[in-house]
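Student: Contents are mmCIF, C-alpha atoms; file name structure_26.cif:
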data_upload
#
loop_
_atom_site.label_atom_id
_atom_site.label_comp_id
_atom_site.auth_asym_id
_atom_site.auth_seq_id
_atom_site.Cartn_x
_atom_site.Cartn_y
_atom_site.Cartn_z
CA MET U 23 -21.72 30.98 -25.91
CA LYS U 24 -23.62 33.77 -24.22
CA TYR U 25 -21.98 35.27 -21.12
CA VAL U 26 -18.68 33.67 -22.19
CA ASP U 27 -17.63 34.91 -25.64
CA GLU U 28 -18.29 38.60 -24.99
CA TYR U 29 -15.92 38.49 -22.00
CA ARG U 30 -13.13 37.16 -24.24
CA ASP U 31 -13.16 40.06 -26.71
CA GLY U 32 -9.58 40.94 -27.65
CA THR U 33 -10.32 44.51 -28.76
CA LEU U 34 -11.96 45.34 -25.46
CA ALA U 35 -9.12 43.63 -23.58
CA ARG U 36 -6.58 45.88 -25.31
CA ARG U 37 -8.67 48.91 -24.44
CA VAL U 38 -8.68 47.93 -20.75
CA ALA U 39 -4.93 47.24 -21.01
CA ASP U 40 -4.33 50.74 -22.40
CA ARG U 41 -6.17 52.21 -19.46
CA ILE U 42 -4.12 50.13 -17.00
CA ALA U 43 -0.90 51.30 -18.67
CA ALA U 44 -2.06 54.93 -18.56
CA GLU U 45 -3.06 54.81 -14.90
CA VAL U 46 -0.03 52.94 -13.50
CA GLN U 47 2.04 55.64 -11.78
CA PRO U 48 5.76 55.88 -12.51
CA GLY U 49 8.00 54.62 -9.70
CA ARG U 50 5.14 52.69 -8.11
CA ARG U 51 4.92 48.91 -8.10
CA TYR U 52 1.79 46.83 -8.11
CA HIS U 53 2.04 43.26 -6.81
CA PHE U 54 -1.34 41.57 -6.98
CA MET U 55 -2.16 38.00 -6.03
CA GLU U 56 -4.82 36.09 -7.89
CA PHE U 57 -6.03 33.58 -5.31
CA CYS U 58 -7.78 31.19 -7.70
CA GLY U 59 -6.34 28.64 -10.04
CA GLY U 60 -9.11 29.67 -12.44
CA HIS U 61 -7.58 33.14 -12.67
CA THR U 62 -4.06 31.71 -12.94
CA HIS U 63 -5.26 29.61 -15.86
CA ALA U 64 -6.98 32.57 -17.59
CA ILE U 65 -3.88 34.77 -17.17
CA ALA U 66 -1.64 32.09 -18.70
CA ARG U 67 -4.00 30.86 -21.41
CA TYR U 68 -4.94 34.28 -22.77
CA GLY U 69 -1.44 35.76 -22.39
CA LEU U 70 -2.66 38.55 -20.13
CA ILE U 71 0.87 39.08 -18.75
CA GLU U 72 1.85 40.42 -22.19
CA LEU U 73 -0.86 43.07 -21.88
CA LEU U 74 0.28 44.35 -18.49
CA PRO U 75 2.96 47.00 -17.80
CA PRO U 76 6.26 45.81 -16.25
CA ALA U 77 5.54 47.54 -12.91
CA LEU U 78 2.60 45.23 -12.45
CA ARG U 79 3.26 41.68 -11.31
CA MET U 80 0.74 38.89 -10.84
CA ILE U 81 1.53 36.39 -8.08
CA HIS U 82 -0.21 33.02 -8.18
CA GLY U 83 -2.10 32.04 -5.04
CA PRO U 84 -3.03 28.71 -3.46
CA GLY U 85 -6.59 28.56 -4.82
CA CYS U 86 -6.27 25.27 -6.66
CA PRO U 87 -7.83 22.46 -4.60
CA VAL U 88 -5.79 19.76 -6.31
CA CYS U 89 -2.56 21.65 -5.64
CA VAL U 90 -3.15 22.14 -1.91
CA LEU U 91 -4.33 18.57 -1.26
CA PRO U 92 -1.58 16.99 0.88
CA ILE U 93 -0.08 13.61 0.04
CA GLY U 94 -1.52 12.09 3.24
CA ARG U 95 -5.08 12.62 2.03
CA ILE U 96 -4.43 10.97 -1.35
CA ASP U 97 -2.80 8.09 0.56
CA GLN U 98 -6.03 7.65 2.54
CA ALA U 99 -8.05 7.42 -0.66
CA ILE U 100 -5.58 4.99 -2.26
CA SER U 101 -5.57 2.73 0.78
CA LEU U 102 -9.37 2.61 0.78
CA ALA U 103 -9.33 1.54 -2.86
CA LEU U 104 -6.41 -0.92 -2.63
CA ASP U 105 -6.83 -2.42 0.85
CA ARG U 106 -10.52 -2.08 1.69
CA ASP U 107 -11.94 -3.07 -1.68
CA VAL U 108 -14.24 -0.09 -2.01
CA ILE U 109 -15.39 1.57 -5.23
CA LEU U 110 -13.61 4.90 -4.91
CA CYS U 111 -15.25 7.74 -6.85
CA THR U 112 -13.41 10.96 -7.51
CA TYR U 113 -13.29 14.03 -9.72
CA ALA U 114 -10.84 13.56 -12.58
CA ASP U 115 -8.54 16.29 -11.23
CA THR U 116 -7.27 14.13 -8.36
CA MET U 117 -6.37 11.09 -10.47
CA ARG U 118 -2.76 12.04 -11.24
CA VAL U 119 -1.74 13.75 -7.99
CA PRO U 120 1.50 12.10 -6.81
CA ALA U 121 1.15 10.21 -3.52
CA SER U 122 3.43 8.01 -1.39
CA GLU U 123 5.43 5.10 -2.82
CA SER U 124 5.31 6.55 -6.34
CA LEU U 125 1.57 5.89 -6.42
CA SER U 126 -1.33 8.00 -7.62
CA LEU U 127 -5.01 7.11 -7.95
CA MET U 128 -4.32 6.46 -11.64
CA ARG U 129 -1.50 4.01 -10.82
CA ALA U 130 -3.57 2.36 -8.09
CA LYS U 131 -6.29 1.86 -10.70
CA ALA U 132 -3.72 0.25 -12.99
CA GLN U 133 -2.89 -2.13 -10.12
CA GLY U 134 -6.51 -3.23 -10.06
CA ALA U 135 -8.15 -0.85 -7.59
CA ASP U 136 -11.74 0.02 -8.48
CA ILE U 137 -11.43 3.78 -8.94
CA ARG U 138 -14.05 5.64 -10.97
CA MET U 139 -13.92 9.17 -12.30
CA VAL U 140 -17.24 10.93 -11.80
CA TYR U 141 -18.57 14.22 -13.14
CA SER U 142 -20.76 14.90 -10.14
CA ALA U 143 -21.13 13.75 -6.54
CA ALA U 144 -24.62 12.64 -7.59
CA ASP U 145 -23.02 10.09 -9.95
CA ALA U 146 -21.19 8.52 -6.99
CA LEU U 147 -24.48 8.25 -5.10
CA GLN U 148 -26.05 6.58 -8.12
CA LEU U 149 -23.20 4.02 -8.21
CA ALA U 150 -23.91 3.19 -4.56
CA ARG U 151 -27.58 2.58 -5.40
CA GLN U 152 -26.59 0.32 -8.29
CA HIS U 153 -24.05 -1.69 -6.24
CA PRO U 154 -25.65 -2.39 -2.85
CA GLU U 155 -23.16 -5.23 -2.34
CA ARG U 156 -20.15 -2.91 -2.53
CA GLU U 157 -18.91 -0.02 -0.36
CA VAL U 158 -18.85 3.17 -2.44
CA VAL U 159 -16.71 6.08 -1.19
CA PHE U 160 -16.76 9.54 -2.73
CA PHE U 161 -13.39 11.28 -2.37
CA ALA U 162 -14.59 14.88 -2.03
CA ILE U 163 -12.17 17.74 -2.58
CA GLY U 164 -12.62 21.38 -3.47
CA PHE U 165 -13.38 24.85 -2.19
CA GLU U 166 -16.81 26.29 -1.38
CA THR U 167 -17.86 26.06 -5.06
CA THR U 168 -17.69 22.27 -4.95
CA THR U 169 -18.82 21.74 -1.34
CA PRO U 170 -22.62 22.25 -1.64
CA PRO U 171 -23.09 19.33 -4.11
CA THR U 172 -21.24 17.07 -1.64
CA ALA U 173 -23.52 18.28 1.15
CA LEU U 174 -26.55 17.48 -1.01
CA VAL U 175 -25.49 13.86 -1.62
CA LEU U 176 -24.79 13.33 2.08
CA ARG U 177 -28.27 14.56 2.92
CA GLN U 178 -29.74 12.40 0.18
CA ALA U 179 -27.84 9.32 1.43
CA ARG U 180 -29.25 9.89 4.91
CA ASP U 181 -32.79 10.39 3.58
CA GLU U 182 -32.53 7.13 1.62
CA ALA U 183 -30.74 5.37 4.54
CA LEU U 184 -28.18 4.25 1.97
CA ALA U 185 -25.96 1.83 3.90
CA ASN U 186 -23.04 1.41 1.48
CA PHE U 187 -22.18 5.05 0.68
CA SER U 188 -19.74 7.36 2.44
CA VAL U 189 -17.68 10.48 1.78
CA LEU U 190 -14.00 11.14 2.46
CA CYS U 191 -14.32 14.86 3.05
CA CYS U 192 -11.35 17.06 2.16
CA HIS U 193 -13.25 20.29 1.49
CA VAL U 194 -11.31 23.42 2.36
CA LEU U 195 -12.24 27.05 3.01
CA THR U 196 -11.11 30.07 1.03
CA PRO U 197 -11.18 32.84 3.67
CA ALA U 198 -8.95 30.80 6.03
CA ALA U 199 -6.35 30.37 3.29
CA ILE U 200 -6.45 34.08 2.42
CA THR U 201 -5.92 34.92 6.11
CA HIS U 202 -2.90 32.62 6.12
CA ILE U 203 -1.44 34.31 3.00
CA MET U 204 -2.06 37.81 4.38
CA ASP U 205 -0.45 36.87 7.71
CA SER U 206 2.62 35.47 6.01
CA ALA U 207 2.90 38.50 3.68
CA GLN U 208 2.99 40.76 6.73
CA ALA U 209 5.36 38.57 8.76
CA PRO U 210 9.00 39.75 9.01
CA ASP U 211 10.17 36.47 7.44
CA SER U 212 7.74 36.67 4.53
CA GLY U 213 10.31 35.17 2.18
CA GLY U 214 9.93 38.02 -0.25
CA LEU U 215 6.15 37.99 -0.61
CA SER U 216 4.59 41.42 -0.45
CA LEU U 217 1.15 42.22 -1.75
CA ASP U 218 -0.60 45.40 -2.85
CA GLY U 219 -3.94 43.85 -3.71
CA PHE U 220 -5.91 40.72 -4.23
CA VAL U 221 -8.05 39.35 -7.07
CA GLY U 222 -10.86 37.57 -5.24
CA PRO U 223 -12.45 34.26 -6.28
CA ALA U 224 -15.20 34.03 -8.89
CA HIS U 225 -17.25 30.92 -8.32
CA VAL U 226 -16.38 30.49 -4.64
CA SER U 227 -17.87 33.95 -4.17
CA ILE U 228 -21.13 32.96 -5.89
CA VAL U 229 -21.59 30.61 -2.94
CA ILE U 230 -20.15 32.61 -0.01
CA GLY U 231 -20.86 36.14 -1.34
CA SER U 232 -18.62 39.20 -1.24
CA ASP U 233 -19.18 40.04 2.45
CA PRO U 234 -16.60 37.56 3.88
CA TYR U 235 -13.76 39.53 2.20
CA ALA U 236 -14.49 42.76 4.13
CA GLN U 237 -12.19 41.61 6.96
CA PHE U 238 -9.19 41.51 4.58
CA ALA U 239 -9.73 45.05 3.34
CA ARG U 240 -10.28 46.27 6.90
CA ASP U 241 -7.76 44.28 8.97
CA TYR U 242 -4.93 43.97 6.45
CA ARG U 243 -5.53 47.19 4.47
CA GLN U 244 -5.62 45.13 1.26
CA PRO U 245 -7.68 46.10 -1.77
CA VAL U 246 -9.80 43.15 -2.92
CA VAL U 247 -11.62 42.91 -6.26
CA ILE U 248 -13.79 39.84 -6.89
CA ALA U 249 -13.49 38.89 -10.54
CA GLY U 250 -15.03 36.45 -13.01
CA PHE U 251 -12.85 33.83 -14.68
CA GLU U 252 -12.94 35.23 -18.23
CA PRO U 253 -9.92 37.23 -19.43
CA LEU U 254 -11.78 40.55 -19.62
CA ASP U 255 -12.99 40.05 -16.05
CA VAL U 256 -9.40 39.62 -14.88
CA MET U 257 -8.21 42.69 -16.82
CA GLN U 258 -11.03 44.86 -15.46
CA ALA U 259 -10.32 43.66 -11.90
CA ILE U 260 -6.63 44.56 -12.29
CA LEU U 261 -7.63 48.06 -13.45
CA MET U 262 -9.89 48.40 -10.40
CA LEU U 263 -7.03 47.29 -8.13
CA VAL U 264 -4.63 49.80 -9.73
CA ARG U 265 -7.15 52.55 -9.04
CA GLN U 266 -7.55 51.48 -5.40
CA VAL U 267 -3.76 51.50 -4.92
CA ASN U 268 -3.42 54.90 -6.60
CA GLU U 269 -6.16 56.40 -4.46
CA GLY U 270 -4.95 54.79 -1.23
CA ARG U 271 -8.17 52.83 -0.83
CA ALA U 272 -8.51 49.32 0.60
CA GLU U 273 -12.03 48.16 -0.17
CA VAL U 274 -13.88 45.11 -1.40
CA GLU U 275 -15.10 45.75 -4.93
CA ASN U 276 -17.05 43.33 -7.05
CA GLU U 277 -16.33 43.08 -10.77
CA PHE U 278 -18.39 39.87 -11.02
CA THR U 279 -21.74 41.43 -10.07
CA ARG U 280 -23.49 39.39 -12.75
CA ALA U 281 -23.18 36.35 -10.49
CA VAL U 282 -21.93 37.41 -7.05
CA SER U 283 -24.12 39.11 -4.41
CA PRO U 284 -23.00 40.39 -0.99
CA GLY U 285 -24.64 37.49 0.88
CA GLY U 286 -24.03 34.71 -1.63
CA ASN U 287 -26.19 31.64 -2.28
CA GLN U 288 -28.30 31.11 0.85
CA ALA U 289 -29.62 27.68 -0.16
CA ALA U 290 -26.06 26.44 -0.67
CA GLN U 291 -24.85 27.88 2.63
CA ALA U 292 -27.79 26.30 4.50
CA VAL U 293 -27.12 22.77 3.26
CA MET U 294 -23.38 23.16 3.98
CA ARG U 295 -24.15 24.26 7.57
CA GLU U 296 -26.53 21.35 8.04
CA VAL U 297 -24.03 18.70 6.96
CA PHE U 298 -20.56 20.06 7.78
CA GLU U 299 -18.73 21.63 10.71
CA LEU U 300 -15.31 23.25 11.02
CA ARG U 301 -12.19 21.17 11.54
CA GLU U 302 -9.87 22.59 14.21
CA SER U 303 -7.01 22.30 11.74
CA PHE U 304 -6.23 20.84 8.32
CA GLU U 305 -2.96 20.30 6.50
CA TRP U 306 -2.54 22.15 3.18
CA ARG U 307 0.23 21.32 0.79
CA GLY U 308 2.53 24.35 0.84
CA LEU U 309 0.84 26.13 3.72
CA GLY U 310 1.14 23.43 6.39
CA GLU U 311 -1.46 23.11 9.15
CA VAL U 312 -3.99 25.94 8.86
CA PRO U 313 -6.44 26.40 11.75
CA LEU U 314 -10.19 26.35 11.02
CA SER U 315 -9.52 25.97 7.30
CA ALA U 316 -11.52 22.89 6.36
CA LEU U 317 -14.79 21.09 6.88
CA ARG U 318 -15.66 17.72 8.33
CA ILE U 319 -18.92 15.82 8.36
CA ARG U 320 -21.13 16.46 11.41
CA PRO U 321 -21.58 13.59 13.92
CA GLU U 322 -25.26 13.24 12.86
CA PHE U 323 -23.95 12.08 9.47
CA ALA U 324 -21.14 9.88 10.89
CA ALA U 325 -22.62 6.77 9.23
CA TRP U 326 -21.75 8.34 5.86
CA ASP U 327 -18.35 9.71 6.94
CA ALA U 328 -15.61 7.49 5.46
CA GLU U 329 -13.12 8.62 8.12
CA ALA U 330 -15.39 7.33 10.90
CA ARG U 331 -16.68 4.34 8.98
CA PHE U 332 -13.26 2.94 8.08
CA GLY U 333 -11.39 4.25 11.14
CA LEU U 334 -8.99 6.30 9.03
CA ASN U 335 -6.10 8.11 10.68
CA TYR U 336 -4.33 11.00 9.01
CA ARG U 337 -0.57 10.74 8.51
CA SER U 338 1.33 13.73 7.17
CA VAL U 339 3.82 12.94 4.38
CA PRO U 340 6.54 15.39 3.25
CA ASP U 341 6.76 16.49 -0.40
CA HIS U 342 9.60 15.56 -2.77
CA LYS U 343 12.75 17.29 -1.46
CA LYS U 344 13.44 19.31 -4.60
CA CYS U 345 9.79 20.20 -5.27
CA GLU U 346 9.06 23.93 -4.85
CA CYS U 347 5.26 23.60 -4.87
CA GLY U 348 5.12 24.81 -1.28
CA ALA U 349 6.92 28.07 -1.98
CA ILE U 350 5.00 28.51 -5.24
CA LEU U 351 1.65 28.06 -3.45
CA ARG U 352 2.68 30.68 -0.89
CA GLY U 353 3.53 33.06 -3.73
CA VAL U 354 7.24 33.42 -2.85
CA LYS U 355 8.57 31.50 -5.87
CA ALA U 356 7.63 31.20 -9.53
CA PRO U 357 7.43 27.86 -11.38
CA SER U 358 10.64 28.59 -13.31
CA ASP U 359 12.52 28.90 -9.98
CA CYS U 360 12.09 25.14 -9.47
CA THR U 361 14.89 22.89 -10.77
CA LEU U 362 12.39 20.11 -11.51
CA PHE U 363 10.17 22.38 -13.66
CA GLY U 364 9.90 21.24 -17.26
CA THR U 365 12.70 18.68 -16.89
CA VAL U 366 11.76 15.94 -14.42
CA CYS U 367 8.36 17.43 -13.67
CA THR U 368 5.92 17.85 -16.57
CA PRO U 369 2.13 17.57 -16.92
CA GLU U 370 2.61 14.03 -18.32
CA ASN U 371 4.72 13.01 -15.31
CA PRO U 372 4.05 15.45 -12.47
CA MET U 373 6.31 15.34 -9.41
CA GLY U 374 4.48 18.09 -7.57
CA SER U 375 0.81 18.94 -7.30
CA CYS U 376 1.09 22.34 -9.08
CA MET U 377 1.93 20.45 -12.28
CA VAL U 378 -1.20 18.25 -12.09
CA SER U 379 -4.27 20.42 -12.50
CA SER U 380 -4.44 22.72 -15.52
CA GLU U 381 -5.10 25.47 -12.96
CA GLY U 382 -1.87 24.77 -11.11
CA ALA U 383 0.72 27.52 -11.47
CA CYS U 384 3.31 25.10 -12.91
CA ALA U 385 0.96 23.38 -15.37
CA ALA U 386 -0.39 26.74 -16.58
CA HIS U 387 3.11 28.12 -17.09
CA TYR U 388 4.33 24.90 -18.72
CA THR U 389 1.40 24.78 -21.14
CA TYR U 390 1.17 28.42 -22.12
CA GLY U 391 4.22 30.35 -20.93
CA ARG U 392 7.40 28.31 -20.75
CA PHE U 393 8.84 29.60 -24.02
CA ARG U 394 8.59 33.16 -22.75
CA ASP U 395 11.44 32.30 -20.35
CA ILE U 396 13.77 31.76 -23.32
CA PRO U 397 15.07 34.97 -24.92
CA VAL U 398 14.38 35.29 -28.63
CA VAL U 399 17.65 35.43 -30.59
CA ALA U 400 17.74 36.25 -34.30
CA ALA U 401 19.41 33.56 -36.41
CA GLN U 402 22.82 34.61 -37.74
CA ALA U 403 23.12 34.75 -41.53
CA THR U 404 26.06 32.66 -42.70
CA MET R 7 -11.52 22.68 -10.30
CA CYS R 8 -13.92 25.57 -9.72
CA LEU R 9 -14.68 25.55 -13.44
CA ALA R 10 -18.32 26.48 -14.07
CA LEU R 11 -20.14 27.73 -17.14
CA PRO R 12 -23.30 29.73 -17.75
CA ALA R 13 -26.03 27.66 -19.41
CA ARG R 14 -29.64 28.44 -20.36
CA VAL R 15 -32.45 26.60 -18.60
CA VAL R 16 -34.47 24.92 -21.37
CA SER R 17 -37.04 23.10 -19.27
CA LEU R 18 -37.77 22.42 -15.63
CA GLU R 19 -38.30 18.82 -14.56
CA ASP R 20 -39.46 17.03 -11.43
CA GLY R 21 -37.16 16.49 -8.48
CA GLN R 22 -35.38 19.87 -8.72
CA GLN R 23 -33.87 18.92 -12.06
CA ALA R 24 -33.67 20.90 -15.28
CA VAL R 25 -32.36 20.50 -18.80
CA VAL R 26 -29.86 23.24 -19.65
CA GLU R 27 -28.20 24.15 -22.93
CA LEU R 28 -24.70 25.43 -23.51
CA GLY R 29 -23.32 25.93 -27.00
CA GLY R 30 -25.79 23.43 -28.45
CA VAL R 31 -25.14 20.76 -25.81
CA ARG R 32 -28.04 19.78 -23.59
CA LYS R 33 -27.59 18.29 -20.17
CA ARG R 34 -29.69 17.48 -17.12
CA VAL R 35 -28.50 19.32 -14.00
CA SER R 36 -29.73 19.77 -10.43
CA LEU R 37 -31.46 22.99 -9.38
CA ALA R 38 -31.43 22.04 -5.67
CA LEU R 39 -29.11 24.98 -4.94
CA THR R 40 -31.00 27.46 -7.16
CA PRO R 41 -34.70 26.70 -6.60
CA GLU R 42 -35.57 30.19 -7.92
CA ALA R 43 -34.33 29.41 -11.47
CA ARG R 44 -36.94 29.53 -14.24
CA GLU R 45 -37.03 28.60 -17.92
CA GLY R 46 -34.93 31.02 -19.96
CA ASP R 47 -32.69 31.97 -17.03
CA TYR R 48 -28.95 31.49 -17.32
CA VAL R 49 -27.57 29.40 -14.47
CA ILE R 50 -23.91 28.78 -13.63
CA VAL R 51 -23.29 25.04 -13.75
CA HIS R 52 -20.61 23.31 -11.68
CA VAL R 53 -20.26 19.51 -11.30
CA GLY R 54 -23.83 18.92 -12.41
CA HIS R 55 -25.38 21.56 -10.16
CA ALA R 56 -26.56 25.10 -10.86
CA ILE R 57 -24.78 27.09 -8.14
CA GLY R 58 -26.05 30.54 -9.11
CA LEU R 59 -27.90 32.67 -11.65
CA VAL R 60 -26.56 35.22 -14.11
CA ASP R 61 -28.07 38.70 -13.68
CA PRO R 62 -28.52 39.96 -17.27
CA GLU R 63 -28.57 43.66 -16.30
CA GLU R 64 -25.37 43.38 -14.29
CA ALA R 65 -23.77 41.46 -17.16
CA GLU R 66 -24.56 44.37 -19.53
CA ALA R 67 -23.35 46.94 -17.02
CA THR R 68 -20.00 45.14 -16.60
CA LEU R 69 -19.49 45.00 -20.38
CA ALA R 70 -20.25 48.72 -20.60
CA LEU R 71 -17.73 49.35 -17.84
CA MET R 72 -15.09 47.42 -19.77
CA ALA R 73 -15.85 49.39 -22.91
CA GLY R 74 -15.14 52.53 -20.94
CA LEU R 75 -18.76 53.67 -20.89
CA GLU R 76 -18.76 54.08 -17.15
CA VAL R 77 -21.37 56.84 -17.17
CA LEU R 78 -24.00 54.25 -18.09
CA ARG R 79 -23.70 52.58 -14.71
#
In C-alpha cells, write the structure found in this file.
Tutor:
Amino acid sequence: MKYVDEYRDGTLARRVADRIAAEVQPGRRYHFMEFCGGHTHAIARYGLIELLPPALRMIHGPGCPVCVLPIGRIDQAISLALDRDVILCTYADTMRVPASESLSLMRAKAQGADIRMVYSAADALQLARQHPEREVVFFAIGFETTTPPTALVLRQARDEALANFSVLCCHVLTPAAITHIMDSAQAPDSGGLSLDGFVGPAHVSIVIGSDPYAQFARDYRQPVVIAGFEPLDVMQAILMLVRQVNEGRAEVENEFTRAVSPGGNQAAQAVMREVFELRESFEWRGLGEVPLSALRIRPEFAAWDAEARFGLNYRSVPDHKKCECGAILRGVKAPSDCTLFGTVCTPENPMGSCMVSSEGACAAHYTYGRFRDIPVVAAQAT
Amino acid sequence: MCLALPARVVSLEDGQQAVVELGGVRKRVSLALTPEAREGDYVIVHVGHAIGLVDPEEAEATLALMAGLEVLR
C-alpha cells in the first residue's frame, strides 16, 4: 500500500535507530511522551522500544478517546438504549468499555437494547432515514480527527429537518489535554512524571494543523515533533526530539509534512465551528474535570442534541478501586504497575478503559509486550 | 480510534462523494472535508471521510530524511 509500506521499512528503521543511539549523550536522559494511542500502538506493535537506547523512555499519553471516556458518559448511552428505546449507533471501539453495574454497550445489547455498530456517522444518519418511526441516537466520541464527520451529519440532519436523529456529543480536544499534562508535569506533586519532549498527534494535526502546538514549545519550553503513525515516522520524530534536547531547543517541528500543514484543514475547522461550541468543563477518565476541553452542540442545533432532547444529566462515576488507568493515562504509571493487569483485566474481559481499545496503553502492552516483563532464563540441562 | 489510511481517488461522484482504492479494496467515501481532491490524489480516509490529502513531494522528502539523505531537502 503506497504511503504505508515504505514507512514500515525495517532496514531504514534500524538506520534511524543507529543515529538515535549515536546522538544520545551519555549521562543525559530523554523522557518523551507520545500523546496519541496511535503512536502507543505503533511503538508496541513494531517493537520500537527494542530499537531505542536505555536512556530514552517513552511515556504513554492520554490520546486514546475510548480510554479517556468516563463511565458516566457510557452510562448515558446505555440508559438511552435500555430505557428510552432508541436505536443507539456507535463506533465499535466503545462497545466493550466497562460502565456502571457491570454493564457495557455490548452487554446492554445482549439484554435486548438496540445498539448498532457503525463505520461512519453517515451510516447512523442513514439508519434514521430508514426508520422514521424510531429515535436514532449517534453516540459520538473522539478527538478532532473524528469530530468533523459528526459536524457534517448534524448539519445534514438540520438541512433535511430529520426529526428522529440526534447526537450524544462526547468529542474532546487535544490541546486542552496536552495543557493539562504539561501543567501536571510541572507541578510539585507531579507523581514522578517529568517530560523532555512530546511526540505530537498525526491525524488530529491534519485537522487542526501544527500551529496550535506553538504555545507548548513557548510556554512550557517543551520540544514538540508532530509525527505520522507509521513506525518510521515515530523513529524519525524521536531522533528529531533527541536533537532538540541536545541543542537546548524547544520548537514545534513537523515530521508528518506529507499530510499536516501549519493551518490544518480549513473546511473541517469551519464545519466544526458552525456546529459545536466549547464546554466550560468535561470529565476525562484519569484526568478528572478539564476546563474548556470538549465540545457541545450549539443551541441552533439543539433539536439534534441528544442531551437536550432527552433531558440527560451527567453523573460522575468513580473507576474500579484497584484500576490504575487514571495514573497510566497521566503517564505516572506503566501498565505492569497495575495489580489487575493481565490477571483480572485482559482485552477479553477489560476492567479498565486502557485495556479496551487496541490503542490503549494496557491493551497494547498486553498484546505485544507483556512477555518482555518476564526475564528469559536458560533451561537447566539435567 | 484516530486510525486513518491513505487511499487513491479512483473516481469523483456527485454529492461530494468519491470511490477510493486501498490495497485493491474499493470504497465510497465523502469528500465534503477535502473538496479540492481530484482523481489520482491520495486522500487520508477516516470513518468514511477524506480528512486530508497526501503531498507526494513531502512524502518523498521525509523518506529521504529517514534514509539520512538530508541534503536533498
Student: Run the PyMOL selection byres ((chain U and resi 27-41) around 10) on the file and write out the hits as a PyMOL selection string.
Tutor: (chain U and resi 23-26+42-46+68+70+72-75+250-261) or (chain R and resi 65+68-69+71-74)
Student: The PyMOL selection byres ((chain U and resi 146-155) around 8) on the file shown: which residues, as a PyMOL selection string?
Tutor: chain U and resi 111+140+142-145+156-160+175+179+184-187
Student: For the residues in the current selection, export C-alpha atoms as a tab-separated table (two decimals), in the coordinates of the input.
Tutor:
chain	number	residue	atom	x	y	z
U	111	CYS	CA	-15.25	7.74	-6.85
U	140	VAL	CA	-17.24	10.93	-11.80
U	142	SER	CA	-20.76	14.90	-10.14
U	143	ALA	CA	-21.13	13.75	-6.54
U	144	ALA	CA	-24.62	12.64	-7.59
U	145	ASP	CA	-23.02	10.09	-9.95
U	156	ARG	CA	-20.15	-2.91	-2.53
U	157	GLU	CA	-18.91	-0.02	-0.36
U	158	VAL	CA	-18.85	3.17	-2.44
U	159	VAL	CA	-16.71	6.08	-1.19
U	160	PHE	CA	-16.76	9.54	-2.73
U	175	VAL	CA	-25.49	13.86	-1.62
U	179	ALA	CA	-27.84	9.32	1.43
U	184	LEU	CA	-28.18	4.25	1.97
U	185	ALA	CA	-25.96	1.83	3.90
U	186	ASN	CA	-23.04	1.41	1.48
U	187	PHE	CA	-22.18	5.05	0.68
Student: Show me, as a list in words, the residues of chain R whose atoms get within 6 Å of chain U, using only C-alpha atoms for the distance check.
Tutor: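 Taken together, these residues fit the definition: Gly29, Leu39, Val53, Gly54, Val60, Asp61, Glu64 and Ala65 of chain R.
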Student: I need the output of the PyMOL selection byres ((chain U and resi 211-218) around 6) for this file as a PyMOL selection string; which residues are they?
Tutor: chain U and resi 52-54+206-207+209-210+219+354
Student: Which residues are close to R:Gly21, i.e. within 12 Å by only C-alpha atoms, leaving aside same-chain residues fewer than 5 positions away? Reply as a VMD selection string.
Tutor: chain R and resid 34 to 38 41
Student: Have a look at atom CA of U:Ala383 and atom CA of U:Ala132 and let me know their distance in Å, one decimal.
Tutor: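 One can read the atom CA of U:Ala383 to atom CA of U:Ala132 distance as 27.7 Å.
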Student: Working from the structure I just supplied, which lacks atoms in stretch 66-74 of chain R, can you model N, CA, C and O atoms there and output them as an mmCIF file, in the frame of the given file?
Tutor:
data_model
loop_
_atom_site.group_PDB
_atom_site.id
_atom_site.type_symbol
_atom_site.label_atom_id
_atom_site.label_comp_id
_atom_site.auth_asym_id
_atom_site.auth_seq_id
_atom_site.Cartn_x
_atom_site.Cartn_y
_atom_site.Cartn_z
ATOM 1 N N GLU R 66 -24.645 43.244 -18.582
ATOM 2 C CA GLU R 66 -24.560 44.370 -19.530
ATOM 3 C C GLU R 66 -23.753 45.516 -18.940
ATOM 4 O O GLU R 66 -22.913 46.111 -19.611
ATOM 5 N N ALA R 67 -24.023 45.815 -17.670
ATOM 6 C CA ALA R 67 -23.350 46.940 -17.020
ATOM 7 C C ALA R 67 -21.839 46.707 -16.963
ATOM 8 O O ALA R 67 -21.044 47.624 -17.178
ATOM 9 N N THR R 68 -21.431 45.459 -16.687
ATOM 10 C CA THR R 68 -20.000 45.140 -16.600
ATOM 11 C C THR R 68 -19.341 45.299 -17.965
ATOM 12 O O THR R 68 -18.244 45.836 -18.075
ATOM 13 N N LEU R 69 -20.051 44.853 -19.023
ATOM 14 C CA LEU R 69 -19.490 45.000 -20.380
ATOM 15 C C LEU R 69 -19.346 46.483 -20.741
ATOM 16 O O LEU R 69 -18.349 46.887 -21.341
ATOM 17 N N ALA R 70 -20.320 47.287 -20.328
ATOM 18 C CA ALA R 70 -20.250 48.720 -20.600
ATOM 19 C C ALA R 70 -19.069 49.341 -19.870
ATOM 20 O O ALA R 70 -18.352 50.187 -20.412
ATOM 21 N N LEU R 71 -18.862 48.877 -18.647
ATOM 22 C CA LEU R 71 -17.730 49.350 -17.840
ATOM 23 C C LEU R 71 -16.412 49.042 -18.547
ATOM 24 O O LEU R 71 -15.518 49.877 -18.638
ATOM 25 N N MET R 72 -16.312 47.833 -19.076
ATOM 26 C CA MET R 72 -15.090 47.420 -19.770
ATOM 27 C C MET R 72 -14.863 48.244 -21.032
ATOM 28 O O MET R 72 -13.737 48.537 -21.405
ATOM 29 N N ALA R 73 -15.966 48.606 -21.689
ATOM 30 C CA ALA R 73 -15.850 49.390 -22.910
ATOM 31 C C ALA R 73 -15.537 50.851 -22.606
ATOM 32 O O ALA R 73 -15.360 51.662 -23.511
ATOM 33 N N GLY R 74 -15.480 51.172 -21.320
ATOM 34 C CA GLY R 74 -15.140 52.530 -20.940
ATOM 35 C C GLY R 74 -16.345 53.454 -20.871
ATOM 36 O O GLY R 74 -16.217 54.663 -20.764
#
